[in-house]
file upload.cif (mmCIF, C-alpha atoms)
data_data
loop_
_atom_site.label_atom_id
_atom_site.label_comp_id
_atom_site.auth_asym_id
_atom_site.auth_seq_id
_atom_site.Cartn_x
_atom_site.Cartn_y
_atom_site.Cartn_z
CA MET A 99 -6.94 -23.88 20.21
CA ARG A 100 -5.07 -22.39 17.27
CA ARG A 101 -1.31 -22.02 17.28
CA ALA A 102 0.36 -18.95 18.72
CA ALA A 103 -1.80 -18.37 21.01
CA VAL A 104 6.50 13.65 13.90
CA ALA A 105 4.66 14.58 16.37
CA LEU A 106 2.01 13.61 18.81
CA ALA A 107 -0.56 14.56 16.16
CA PHE A 108 0.20 11.42 14.18
CA VAL A 109 -0.04 9.10 17.23
CA LEU A 110 -0.29 6.37 14.72
CA LEU A 111 -3.86 5.49 14.09
CA ALA A 112 -4.47 5.74 17.76
CA ALA A 113 -7.57 5.47 19.84
CA CYS A 114 -6.93 8.87 21.34
CA THR A 115 -7.48 10.48 17.93
CA ASP A 116 -11.17 9.65 18.09
CA SER A 117 -13.71 12.24 19.09
CA GLY A 118 -14.29 11.68 22.78
CA SER A 119 -14.26 8.59 24.94
CA PRO A 120 -16.20 5.46 24.07
CA THR A 121 -19.87 5.80 24.88
CA VAL A 122 -20.09 2.13 25.67
CA ASP A 123 -20.32 -0.45 28.37
CA PRO A 124 -16.72 -1.57 28.92
CA ALA A 125 -17.84 -4.71 30.71
CA PRO A 126 -16.19 -8.00 29.81
CA SER A 127 -17.59 -9.92 26.90
CA ASP A 128 -20.69 -11.98 27.42
CA ASP A 129 -19.05 -14.89 25.62
CA SER A 130 -16.47 -16.96 27.48
CA THR A 131 -14.65 -17.79 24.25
CA SER A 132 -13.36 -14.23 24.10
CA THR A 133 -10.67 -14.67 26.74
CA SER A 134 -7.19 -14.01 25.41
CA THR A 135 -4.95 -16.96 24.68
CA THR A 136 -2.10 -15.00 26.24
CA THR A 137 -3.05 -16.32 29.68
CA SER A 138 -0.97 -19.43 29.06
CA THR A 139 1.56 -20.22 31.79
CA THR A 140 3.88 -22.22 29.53
CA ALA A 141 7.46 -21.32 30.40
CA ALA A 142 9.34 -19.58 27.59
CA ALA A 143 12.70 -21.00 26.56
CA PRO A 144 15.83 -18.91 27.22
CA VAL A 145 16.65 -16.54 24.41
CA GLU A 146 19.61 -14.51 23.28
CA ALA A 147 19.64 -10.83 24.29
CA ILE A 148 18.96 -8.43 21.44
CA LYS A 149 19.70 -4.82 20.54
CA LEU A 150 18.74 -2.29 17.88
CA THR A 151 21.36 -1.28 15.31
CA GLU A 152 20.60 1.87 13.33
CA VAL A 153 21.08 1.21 9.61
CA ALA A 154 19.67 4.39 8.03
CA GLN A 155 17.58 7.54 8.49
CA ALA A 156 14.49 8.52 6.50
CA ASP A 157 11.84 11.25 6.59
CA LYS A 158 9.08 9.80 8.80
CA PRO A 159 9.41 6.18 7.60
CA THR A 160 6.12 4.29 7.63
CA ALA A 161 6.71 0.94 5.89
CA MET A 162 9.43 -1.28 4.45
CA ALA A 163 9.62 -3.97 1.79
CA VAL A 164 12.23 -5.94 -0.14
CA ARG A 165 12.32 -6.99 -3.77
CA LYS A 166 13.24 -10.36 -5.24
CA ASP A 167 16.97 -10.70 -6.06
CA ASP A 168 17.65 -7.18 -4.79
CA PRO A 169 19.69 -6.61 -1.59
CA ALA A 170 18.29 -3.10 -1.06
CA LEU A 171 15.68 -2.08 1.48
CA TYR A 172 12.76 -0.02 0.20
CA VAL A 173 11.07 2.37 2.62
CA THR A 174 8.05 4.64 2.34
CA GLU A 175 8.23 8.13 3.78
CA LYS A 176 4.99 9.52 5.16
CA THR A 177 5.65 12.67 3.15
CA GLY A 178 5.26 10.85 -0.17
CA LYS A 179 8.48 9.20 -1.38
CA VAL A 180 9.69 5.63 -1.69
CA ARG A 181 13.39 5.46 -0.86
CA LYS A 182 15.97 2.81 -1.73
CA ILE A 183 18.56 1.99 0.93
CA VAL A 184 21.75 0.18 -0.11
CA ASN A 185 24.32 -0.72 2.56
CA GLY A 186 22.90 1.89 4.88
CA ARG A 187 22.98 4.67 2.28
CA VAL A 188 19.71 6.29 1.28
CA GLU A 189 19.80 7.01 -2.44
CA SER A 190 19.06 10.64 -3.25
CA ALA A 191 16.74 9.89 -6.17
CA ALA A 192 13.34 8.64 -5.03
CA VAL A 193 12.11 5.35 -6.47
CA LEU A 194 8.62 6.86 -6.50
CA ASP A 195 7.24 10.25 -5.52
CA VAL A 196 3.51 10.82 -4.92
CA SER A 197 3.99 13.95 -2.81
CA GLY A 198 2.27 16.05 -5.48
CA ASP A 199 -1.06 14.31 -4.78
CA LEU A 200 -0.87 13.58 -1.08
CA SER A 201 -2.46 14.50 2.21
CA SER A 202 0.16 13.83 4.86
CA GLY A 203 -1.32 15.33 8.01
CA PHE A 204 -2.66 13.44 10.99
CA GLU A 205 -2.77 9.70 10.12
CA GLN A 206 -2.54 10.29 6.39
CA GLY A 207 0.32 10.03 3.91
CA LEU A 208 2.22 7.35 2.03
CA LEU A 209 1.42 4.42 4.29
CA GLY A 210 2.31 1.10 2.69
CA LEU A 211 4.19 -0.71 -0.06
CA ALA A 212 4.76 -4.22 -1.38
CA PHE A 213 6.52 -5.85 -4.31
CA SER A 214 4.96 -8.50 -6.49
CA PRO A 215 6.52 -11.93 -5.88
CA ASP A 216 8.54 -11.67 -9.12
CA GLY A 217 9.80 -8.20 -8.16
CA ARG A 218 8.53 -6.49 -11.29
CA TYR A 219 5.76 -4.37 -9.76
CA LEU A 220 5.77 -2.04 -6.78
CA TYR A 221 2.43 -1.34 -5.09
CA VAL A 222 1.76 1.62 -2.81
CA ASN A 223 -1.07 2.66 -0.50
CA TYR A 224 -1.49 6.39 0.11
CA THR A 225 -4.05 9.07 0.87
CA ASP A 226 -4.44 11.57 -1.97
CA ALA A 227 -4.78 15.34 -1.71
CA LYS A 228 -8.45 14.97 -0.74
CA GLY A 229 -7.68 12.36 1.91
CA ASP A 230 -8.99 9.34 0.01
CA THR A 231 -7.16 6.04 -0.29
CA ARG A 232 -5.48 5.06 -3.53
CA ILE A 233 -3.73 1.79 -4.32
CA ALA A 234 -1.38 2.16 -7.29
CA GLU A 235 1.16 0.11 -9.21
CA LYS A 236 4.58 1.04 -10.60
CA ASP A 237 6.30 -1.12 -13.21
CA MET A 238 9.91 -1.26 -12.02
CA THR A 239 11.11 -2.12 -15.54
CA SER A 240 9.87 1.10 -17.13
CA ASN A 241 9.51 4.82 -16.47
CA GLY A 242 5.80 4.81 -17.21
CA PRO A 243 3.16 6.47 -15.03
CA LEU A 244 1.52 4.89 -12.01
CA ARG A 245 -1.42 2.65 -12.76
CA GLU A 246 -4.27 3.05 -10.30
CA LEU A 247 -5.91 -0.14 -9.08
CA LEU A 248 -8.28 0.96 -6.38
CA PHE A 249 -9.86 4.15 -5.05
CA VAL A 250 -11.65 4.25 -1.69
CA ASP A 251 -13.48 7.31 -0.41
CA GLN A 252 -12.46 8.12 3.18
CA PRO A 253 -15.18 9.91 5.19
CA TYR A 254 -12.78 11.00 7.96
CA PRO A 255 -9.01 11.71 8.13
CA ASN A 256 -8.14 8.81 10.44
CA HIS A 257 -8.26 5.00 10.37
CA ASN A 258 -6.90 4.73 6.84
CA GLY A 259 -5.23 1.35 7.35
CA GLY A 260 -2.21 1.24 5.08
CA GLN A 261 -0.65 -2.22 4.99
CA LEU A 262 -0.02 -4.06 1.71
CA ALA A 263 1.36 -7.60 1.54
CA PHE A 264 1.37 -10.56 -0.80
CA GLY A 265 0.26 -13.90 0.57
CA ARG A 266 1.64 -17.29 -0.32
CA ASP A 267 -1.21 -17.57 -2.82
CA GLY A 268 0.29 -14.70 -4.87
CA HIS A 269 -2.64 -12.38 -4.17
CA LEU A 270 -2.34 -8.85 -2.80
CA TYR A 271 -3.87 -8.22 0.64
CA ILE A 272 -4.88 -4.65 1.53
CA ALA A 273 -5.74 -3.20 4.96
CA LEU A 274 -8.43 -0.54 5.28
CA GLY A 275 -9.69 1.03 8.49
CA ASP A 276 -13.35 1.66 9.28
CA GLY A 277 -13.35 5.20 7.85
CA GLY A 278 -12.56 7.04 11.07
CA ALA A 279 -14.16 9.09 13.83
CA GLY A 280 -15.19 7.27 17.02
CA ASN A 281 -17.32 4.17 17.58
CA ASP A 282 -17.54 3.47 13.83
CA PRO A 283 -20.47 5.88 13.24
CA GLN A 284 -21.24 4.48 9.79
CA GLY A 285 -21.14 0.86 10.94
CA ASN A 286 -18.54 0.01 8.30
CA GLY A 287 -16.81 -2.68 10.32
CA GLN A 288 -19.80 -5.00 10.06
CA LYS A 289 -21.11 -3.92 6.64
CA LEU A 290 -20.23 -6.11 3.68
CA ASP A 291 -21.20 -3.59 0.99
CA THR A 292 -18.19 -1.37 1.78
CA LEU A 293 -14.45 -1.94 1.67
CA LEU A 294 -13.86 0.04 4.89
CA GLY A 295 -12.99 -1.88 8.05
CA LYS A 296 -11.65 -4.81 6.05
CA ILE A 297 -8.70 -6.75 4.75
CA LEU A 298 -9.11 -7.14 1.01
CA ARG A 299 -7.65 -9.82 -1.26
CA ILE A 300 -7.22 -9.11 -4.97
CA SER A 301 -5.26 -10.26 -7.99
CA PRO A 302 -3.57 -6.94 -8.78
CA ARG A 303 -2.98 -7.29 -12.52
CA PRO A 304 -5.71 -6.16 -14.99
CA ASP A 305 -8.43 -8.70 -15.57
CA GLY A 306 -11.25 -8.62 -18.12
CA GLY A 307 -11.04 -4.88 -18.69
CA ARG A 308 -10.92 -4.17 -14.96
CA PRO A 309 -7.87 -2.77 -13.15
CA TYR A 310 -7.59 -5.88 -10.96
CA GLY A 311 -9.08 -9.32 -10.58
CA ILE A 312 -11.05 -10.79 -7.70
CA PRO A 313 -10.10 -14.37 -6.75
CA ALA A 314 -13.02 -16.71 -7.27
CA ASP A 315 -12.55 -18.24 -3.82
CA ASN A 316 -12.92 -14.97 -1.93
CA PRO A 317 -15.70 -15.49 0.63
CA PHE A 318 -18.32 -13.07 -0.72
CA VAL A 319 -17.82 -13.35 -4.47
CA GLY A 320 -21.12 -13.33 -6.32
CA GLN A 321 -23.24 -12.59 -3.26
CA PRO A 322 -25.70 -9.71 -3.77
CA GLY A 323 -24.92 -6.59 -1.75
CA LYS A 324 -21.47 -7.84 -0.71
CA ARG A 325 -18.09 -6.77 -2.05
CA GLY A 326 -16.14 -9.61 -3.60
CA GLU A 327 -12.80 -8.07 -2.67
CA ILE A 328 -13.38 -8.65 1.06
CA TRP A 329 -11.26 -11.32 2.76
CA ALA A 330 -11.84 -10.44 6.45
CA TYR A 331 -13.96 -7.82 8.23
CA GLY A 332 -14.89 -6.41 11.62
CA LEU A 333 -11.64 -4.42 11.86
CA ARG A 334 -11.19 -0.93 13.26
CA ASN A 335 -7.80 0.04 11.89
CA PRO A 336 -5.51 -2.85 10.89
CA TRP A 337 -2.52 -0.54 10.45
CA ARG A 338 -0.10 -3.46 10.18
CA PHE A 339 -0.60 -7.14 9.38
CA SER A 340 1.92 -9.74 8.22
CA PHE A 341 2.29 -13.30 7.01
CA ASP A 342 4.60 -15.76 8.72
CA ARG A 343 7.05 -16.57 5.92
CA GLN A 344 7.47 -20.15 7.17
CA THR A 345 3.90 -21.17 7.98
CA GLY A 346 1.72 -18.71 6.05
CA ASP A 347 -0.13 -17.74 9.25
CA LEU A 348 -1.68 -14.27 9.30
CA TRP A 349 -1.07 -11.81 12.15
CA ILE A 350 -3.22 -8.66 12.37
CA ALA A 351 -2.56 -5.81 14.82
CA ASP A 352 -5.83 -3.87 15.02
CA VAL A 353 -5.57 -0.47 16.69
CA GLY A 354 -8.04 -0.01 19.53
CA GLN A 355 -10.17 2.91 20.61
CA GLY A 356 -10.35 4.04 24.23
CA LYS A 357 -9.69 0.84 26.13
CA LEU A 358 -7.94 -2.07 24.42
CA GLU A 359 -5.37 -2.85 21.74
CA GLU A 360 -5.68 -6.23 20.03
CA ILE A 361 -3.73 -8.75 18.00
CA ASP A 362 -5.62 -11.23 15.84
CA PHE A 363 -4.31 -14.48 14.43
CA ASP A 364 -5.36 -16.84 11.64
CA GLU A 365 -3.47 -20.10 11.30
CA ALA A 366 -2.76 -21.33 7.77
CA PRO A 367 -4.56 -22.54 5.78
CA LEU A 368 -6.38 -19.26 6.29
CA ASP A 369 -10.11 -18.99 6.98
CA ALA A 370 -11.94 -16.82 4.47
CA GLY A 371 -14.54 -14.37 5.72
CA ARG A 372 -13.52 -14.06 9.35
CA ASN A 373 -15.34 -11.43 11.44
CA TYR A 374 -13.07 -9.81 14.04
CA GLU A 375 -16.11 -8.16 15.68
CA TRP A 376 -15.47 -4.40 15.53
CA ALA A 377 -17.46 -2.31 16.41
CA LEU A 378 -19.57 -4.76 18.39
CA ARG A 379 -16.46 -5.47 20.44
CA GLU A 380 -13.29 -3.57 21.25
CA GLY A 381 -10.94 -6.47 21.83
CA SER A 382 -12.91 -8.83 24.06
CA ALA A 383 -14.91 -6.01 25.69
CA ARG A 384 -18.52 -5.43 24.69
CA LEU A 385 -18.89 -2.12 22.87
CA LYS A 386 -22.43 -2.26 21.51
CA GLY A 387 -24.90 -4.92 20.56
CA GLU A 388 -24.51 -8.68 20.69
CA ARG A 389 -21.56 -10.77 19.61
CA PRO A 390 -21.89 -11.70 15.91
CA PRO A 391 -22.30 -15.39 15.13
CA GLY A 392 -18.89 -16.85 14.42
CA GLY A 393 -17.06 -13.74 15.64
CA VAL A 394 -13.34 -14.24 16.23
CA PRO A 395 -11.81 -12.80 19.42
CA PRO A 396 -8.19 -11.61 19.61
CA VAL A 397 -5.35 -13.90 20.68
CA HIS A 398 -3.82 -11.05 22.66
CA GLU A 399 -5.01 -7.72 24.00
CA TYR A 400 -3.72 -5.14 26.43
CA GLY A 401 -5.30 -2.12 28.05
CA HIS A 402 -4.51 1.54 27.78
CA ASP A 403 -4.10 1.46 31.55
CA GLN A 404 -0.76 -0.23 30.78
CA GLY A 405 0.43 2.90 28.97
CA GLY A 406 -0.23 1.95 25.36
CA CYS A 407 -2.45 3.73 22.88
CA SER A 408 -1.82 2.27 19.41
CA VAL A 409 -0.50 -1.21 18.63
CA THR A 410 2.13 -1.49 15.87
CA GLY A 411 2.17 -4.96 14.40
CA GLY A 412 5.33 -6.73 13.31
CA TYR A 413 6.39 -10.20 12.20
CA ALA A 414 6.97 -13.72 13.41
CA TYR A 415 10.75 -14.06 13.49
CA ARG A 416 12.17 -16.54 10.95
CA GLY A 417 15.72 -15.28 10.58
CA LYS A 418 18.98 -16.94 11.67
CA ALA A 419 20.78 -14.23 13.63
CA LEU A 420 18.73 -14.31 16.85
CA ARG A 421 19.06 -17.59 18.75
CA GLY A 422 15.96 -18.75 20.57
CA TRP A 423 13.52 -16.30 18.96
CA GLU A 424 12.23 -18.64 16.24
CA GLY A 425 8.52 -18.05 15.65
CA ALA A 426 8.20 -15.23 18.22
CA TYR A 427 5.88 -12.47 17.02
CA PHE A 428 7.47 -9.04 17.51
CA PHE A 429 5.25 -5.99 18.01
CA ALA A 430 5.24 -2.59 19.71
CA ASP A 431 3.00 0.29 20.73
CA TYR A 432 3.46 3.78 19.34
CA CYS A 433 3.04 5.35 22.76
CA VAL A 434 5.31 3.00 24.73
CA ALA A 435 9.04 3.03 24.01
CA ARG A 436 9.64 -0.72 24.08
CA LEU A 437 9.37 -3.83 21.93
CA GLN A 438 7.42 -6.91 22.89
CA VAL A 439 6.92 -10.44 21.61
CA LEU A 440 4.26 -13.10 21.80
CA ARG A 441 5.81 -16.49 22.57
CA ASN A 442 4.10 -19.64 23.82
CA GLY A 443 0.89 -17.71 24.28
CA LYS A 444 2.46 -15.02 26.48
CA ALA A 445 3.46 -11.41 25.87
CA GLU A 446 7.00 -10.53 26.96
CA ASP A 447 8.98 -7.31 27.09
CA VAL A 448 12.31 -7.81 25.26
CA ASN A 449 14.06 -5.00 27.17
CA VAL A 450 14.76 -2.96 24.05
CA LYS A 451 13.50 0.61 23.87
CA THR A 452 12.88 3.04 21.04
CA LYS A 453 10.33 5.79 20.55
CA ASN A 454 7.43 6.20 18.12
CA VAL A 455 7.55 2.80 16.42
CA ALA A 456 5.52 3.20 13.25
CA SER A 457 6.26 -0.11 11.57
CA PHE A 458 8.41 -3.20 11.27
CA GLY A 459 10.15 -4.66 8.23
CA GLU A 460 11.50 -8.05 7.19
CA ASP A 461 14.40 -8.59 4.79
CA ALA A 462 15.01 -11.48 2.39
CA ALA A 463 16.79 -13.48 5.10
CA GLY A 464 13.96 -13.07 7.60
CA GLU A 465 15.80 -10.54 9.79
CA LEU A 466 13.60 -7.86 11.30
CA TYR A 467 13.75 -4.07 11.25
CA VAL A 468 12.07 -1.39 13.36
CA LEU A 469 10.98 1.93 11.85
CA SER A 470 10.63 4.96 14.12
CA LEU A 471 8.55 7.86 12.84
CA ASP A 472 11.33 10.07 14.21
CA GLY A 473 13.53 8.86 11.32
CA PRO A 474 15.77 5.98 12.40
CA ILE A 475 15.51 2.57 10.79
CA TYR A 476 16.94 -0.13 13.03
CA ARG A 477 17.81 -3.80 12.54
CA ILE A 478 17.17 -6.18 15.44
CA ASP A 479 20.55 -7.80 16.16
CA PRO A 480 22.06 -10.07 18.82
CA ALA A 481 23.35 -8.03 21.75
#
call {"tool": "encode", "arguments": {"input": "upload.cif", "output": "structure tokens"}}
result
Amino acid sequence: MRRAAVALAFVLLAACTDSGSPTVDPAPSDDSTSTSTTTSTTAAAPVEAIKLTEVAQADKPTAMAVRKDDPALYVTEKTGKVRKIVNGRVESAAVLDVSGDLSSGFEQGLLGLAFSPDGRYLYVNYTDAKGDTRIAEKDMTSNGPLRELLFVDQPYPNHNGGQLAFGRDGHLYIALGDGGAGNDPQGNGQKLDTLLGKILRISPRPDGGRPYGIPADNPFVGQPGKRGEIWAYGLRNPWRFSFDRQTGDLWIADVGQGKLEEIDFDEAPLDAGRNYEWALREGSARLKGERPPGGVPPVHEYGHDQGGCSVTGGYAYRGKALRGWEGAYFFADYCVARLQVLRNGKAEDVNVKTKNVASFGEDAAGELYVLSLDGPIYRIDPA
């Protein structure tokens, strides 16, 4: 088996924002391979106690990134601005402001950012005034206008995805939800002729007269009726995913609907074209139809009967400050005021509480941050 085994209205990308309860059979999967790897009984090693240290306040922070050779933290505000934070001080002048062309209600807004590996370009993911997704690029060495890379029509105001991240391969990965509503009414999760319900992989610089390039080794390049940008599919709303900076492994936290929240995992070297089974499955539970051939079940899931409603994905810890936490994957749930980790195939509560966790961040040293939609930005420190 693979390694590793604001207001209530935003309720980040949550299942409860769908129209009605699932009209499905919530019975367990008909495939025994779907059981979660988190049933391992391996004993976890002792770890150092941790705490949250507030480092700054922002207006509904949704994502964080760092830039090469720059000690600052960069944070997106749901309301449309990218802020630079230096030594805990939020600079008054915005690095970027897209608030003039933004829908910021419900699950919409400025949702994600990433810097190119060389630090020259800043990429943002936001919903425009009509509610559609735009991926745009800012050259940090000039005052020129934003360059748009990608436009995606959004049929509903929820499940917009939002995460941007560069992989070890230097390509930009983009998360898009299934388009919204309940039960994926358009079937986008399993369709390969749409970008919705996917993680995309592109080369973001212009290529051959196009605004971006498509890597030749993407799984569906050149196949009729399939979008070459697609890297993985069968996702409901992958609000946050991340790469393990040490191993290159990919962690995806896919927000569930009425029953289950799930975390997916792909060990490096990554498998192209994985199908994470939405909307045929919600986590390991059968939703509709049969399991797709080669479908990949989650490595961890938890039910809404445990109090959660919307998983917020984080990072595998690779910093130096927290003894004993090496490789542990930190995550949270927007509706439950606590942090958790996956270690040795088990989920553990780390006995740290904070409300409305919208996102996590990772600095240049591998230390982790927690972003609350209420405004605080915290660093995870030794207690």
call {"tool": "resolve_selection", "arguments": {"input": "upload.cif", "expression": "the PyMOL selection byres ((chain A and resi 145) around 12)", "output": "list of chain:residue names"}}
result
A:Ala141, A:Ala142, A:Ala143, A:Pro144, A:Glu146, A:Ala147, A:Ile148, A:Ala419, A:Leu420, A:Arg421, A:Gly422, A:Trp423, A:Glu424, A:Ala426, A:Val439, A:Arg441, A:Glu446, A:Val448, A:Pro480, A:Ala481
call {"tool": "closest_residue", "arguments": {"input": "upload.cif", "among": "A:Gly217, A:Gly186, A:Gly326, A:Pro391", "to": "Thr151 of chain A", "atoms": "all atoms listed in the file"}}
result
A:Gly186
call {"tool": "axis_aligned_box", "arguments": {"input": "upload.cif", "around": "segment 317-330 of chain A", "padding_each_side": "5 Å", "output": "AutoDock Vina command-line options"}}
result
--center_x -18.5 --center_y -11.0 --center_z 0.1 --size_x 24.4 --size_y 18.9 --size_z 22.8
call {"tool": "residues_around", "arguments": {"input": "upload.cif", "residues": "segment 225-240 of chain A", "least_positions_apart": "3", "cutoff": "7 Å", "atoms": "only C-alpha atoms", "output": "PDB file with C-alpha atoms, in the coordinates of the input"}}
result
ATOM      1  CA  ASP A 199      -1.060  14.310  -4.780  1.00  0.00           C
ATOM      2  CA  LEU A 200      -0.870  13.580  -1.080  1.00  0.00           C
ATOM      3  CA  SER A 201      -2.460  14.500   2.210  1.00  0.00           C
ATOM      4  CA  GLN A 206      -2.540  10.290   6.390  1.00  0.00           C
ATOM      5  CA  GLY A 207       0.320  10.030   3.910  1.00  0.00           C
ATOM      6  CA  LEU A 208       2.220   7.350   2.030  1.00  0.00           C
ATOM      7  CA  ARG A 218       8.530  -6.490 -11.290  1.00  0.00           C
ATOM      8  CA  TYR A 219       5.760  -4.370  -9.760  1.00  0.00           C
ATOM      9  CA  LEU A 220       5.770  -2.040  -6.780  1.00  0.00           C
ATOM     10  CA  TYR A 221       2.430  -1.340  -5.090  1.00  0.00           C
ATOM     11  CA  VAL A 222       1.760   1.620  -2.810  1.00  0.00           C
ATOM     12  CA  LEU A 244       1.520   4.890 -12.010  1.00  0.00           C
ATOM     13  CA  ARG A 245      -1.420   2.650 -12.760  1.00  0.00           C
ATOM     14  CA  GLU A 246      -4.270   3.050 -10.300  1.00  0.00           C
ATOM     15  CA  LEU A 247      -5.910  -0.140  -9.080  1.00  0.00           C
ATOM     16  CA  LEU A 248      -8.280   0.960  -6.380  1.00  0.00           C
ATOM     17  CA  PHE A 249      -9.860   4.150  -5.050  1.00  0.00           C
ATOM     18  CA  VAL A 250     -11.650   4.250  -1.690  1.00  0.00           C
ATOM     19  CA  ASP A 251     -13.480   7.310  -0.410  1.00  0.00           C
ATOM     20  CA  GLN A 252     -12.460   8.120   3.180  1.00  0.00           C
ATOM     21  CA  PRO A 255      -9.010  11.710   8.130  1.00  0.00           C
TER      22      PRO A 255
END
call {"tool": "atom_distance", "arguments": {"input": "upload.cif", "atom1": "atom CA of Trp329 of chain A", "atom2": "atom CA of Pro396 of chain A"}}
result
17.1 Å
call {"tool": "resolve_selection", "arguments": {"input": "upload.cif", "expression": "the PyMOL selection byres ((chain A and resi 427) around 12)", "output": "PyMOL selection string"}}
result
chain A and resi 101-103+339-343+347-351+361-363+397-398+410-416+423-426+428-430+437-448+458+466
call {"tool": "residues_near_point", "arguments": {"input": "upload.cif", "point": "(15.9, -11.1, -2.4)", "cutoff": "8 Å", "atoms": "all atoms listed in the file", "output": "MDAnalysis selection string"}}
result
chainID A and resid 164:169 461:463
call {"tool": "atom_distance", "arguments": {"input": "upload.cif", "atom1": "atom CA of Lys418 of chain A", "atom2": "atom CA of Gly346 of chain A"}}
result
18.2 Å
call {"tool": "resolve_selection", "arguments": {"input": "upload.cif", "expression": "the PyMOL selection byres ((chain A and resi 156) around 10)", "output": "PDB file with C-alpha atoms, keeping the file's coordinate frame"}}
result
ATOM      1  CA  ALA A 154      19.670   4.390   8.030  1.00  0.00           C
ATOM      2  CA  GLN A 155      17.580   7.540   8.490  1.00  0.00           C
ATOM      3  CA  ASP A 157      11.840  11.250   6.590  1.00  0.00           C
ATOM      4  CA  LYS A 158       9.080   9.800   8.800  1.00  0.00           C
ATOM      5  CA  PRO A 159       9.410   6.180   7.600  1.00  0.00           C
ATOM      6  CA  THR A 160       6.120   4.290   7.630  1.00  0.00           C
ATOM      7  CA  VAL A 173      11.070   2.370   2.620  1.00  0.00           C
ATOM      8  CA  THR A 174       8.050   4.640   2.340  1.00  0.00           C
ATOM      9  CA  GLU A 175       8.230   8.130   3.780  1.00  0.00           C
ATOM     10  CA  LYS A 176       4.990   9.520   5.160  1.00  0.00           C
ATOM     11  CA  LYS A 179       8.480   9.200  -1.380  1.00  0.00           C
ATOM     12  CA  VAL A 180       9.690   5.630  -1.690  1.00  0.00           C
ATOM     13  CA  ARG A 181      13.390   5.460  -0.860  1.00  0.00           C
ATOM     14  CA  ILE A 183      18.560   1.990   0.930  1.00  0.00           C
ATOM     15  CA  VAL A 188      19.710   6.290   1.280  1.00  0.00           C
ATOM     16  CA  LEU A 469      10.980   1.930  11.850  1.00  0.00           C
ATOM     17  CA  SER A 470      10.630   4.960  14.120  1.00  0.00           C
ATOM     18  CA  LEU A 471       8.550   7.860  12.840  1.00  0.00           C
ATOM     19  CA  ASP A 472      11.330  10.070  14.210  1.00  0.00           C
ATOM     20  CA  GLY A 473      13.530   8.860  11.320  1.00  0.00           C
ATOM     21  CA  PRO A 474      15.770   5.980  12.400  1.00  0.00           C
ATOM     22  CA  ILE A 475      15.510   2.570  10.790  1.00  0.00           C
TER      23      ILE A 475
END
call {"tool": "closest_residue", "arguments": {"input": "upload.cif", "among": "A:Ala170, A:Ile328, A:Ala383, A:Leu262", "to": "Ser214 of chain A", "atoms": "only C-alpha atoms"}}
result
A:Leu262
call {"tool": "residues_around", "arguments": {"input": "upload.cif", "residues": "Leu298 of chain A", "least_positions_apart": "4", "cutoff": "8 Å", "atoms": "only C-alpha atoms", "output": "PyMOL selection string"}}
result
chain A and resi 270-274+293+327-330
call {"tool": "atom_distance", "arguments": {"input": "upload.cif", "atom1": "atom CA of Gly178 of chain A", "atom2": "atom CA of Asp195 of chain A"}}
result
5.7 Å
call {"tool": "residues_near_point", "arguments": {"input": "upload.cif", "point": "(-8.0, -0.5, 14.4)", "cutoff": "10 Å", "atoms": "all atoms listed in the file", "output": "JSON, numbers by chain"}}
result
{"A": [111, 112, 113, 257, 258, 259, 274, 275, 276, 278, 287, 295, 332, 333, 334, 335, 336, 337, 338, 350, 351, 352, 353, 354, 355, 359, 360, 361, 376, 377, 380, 381, 408, 409]}
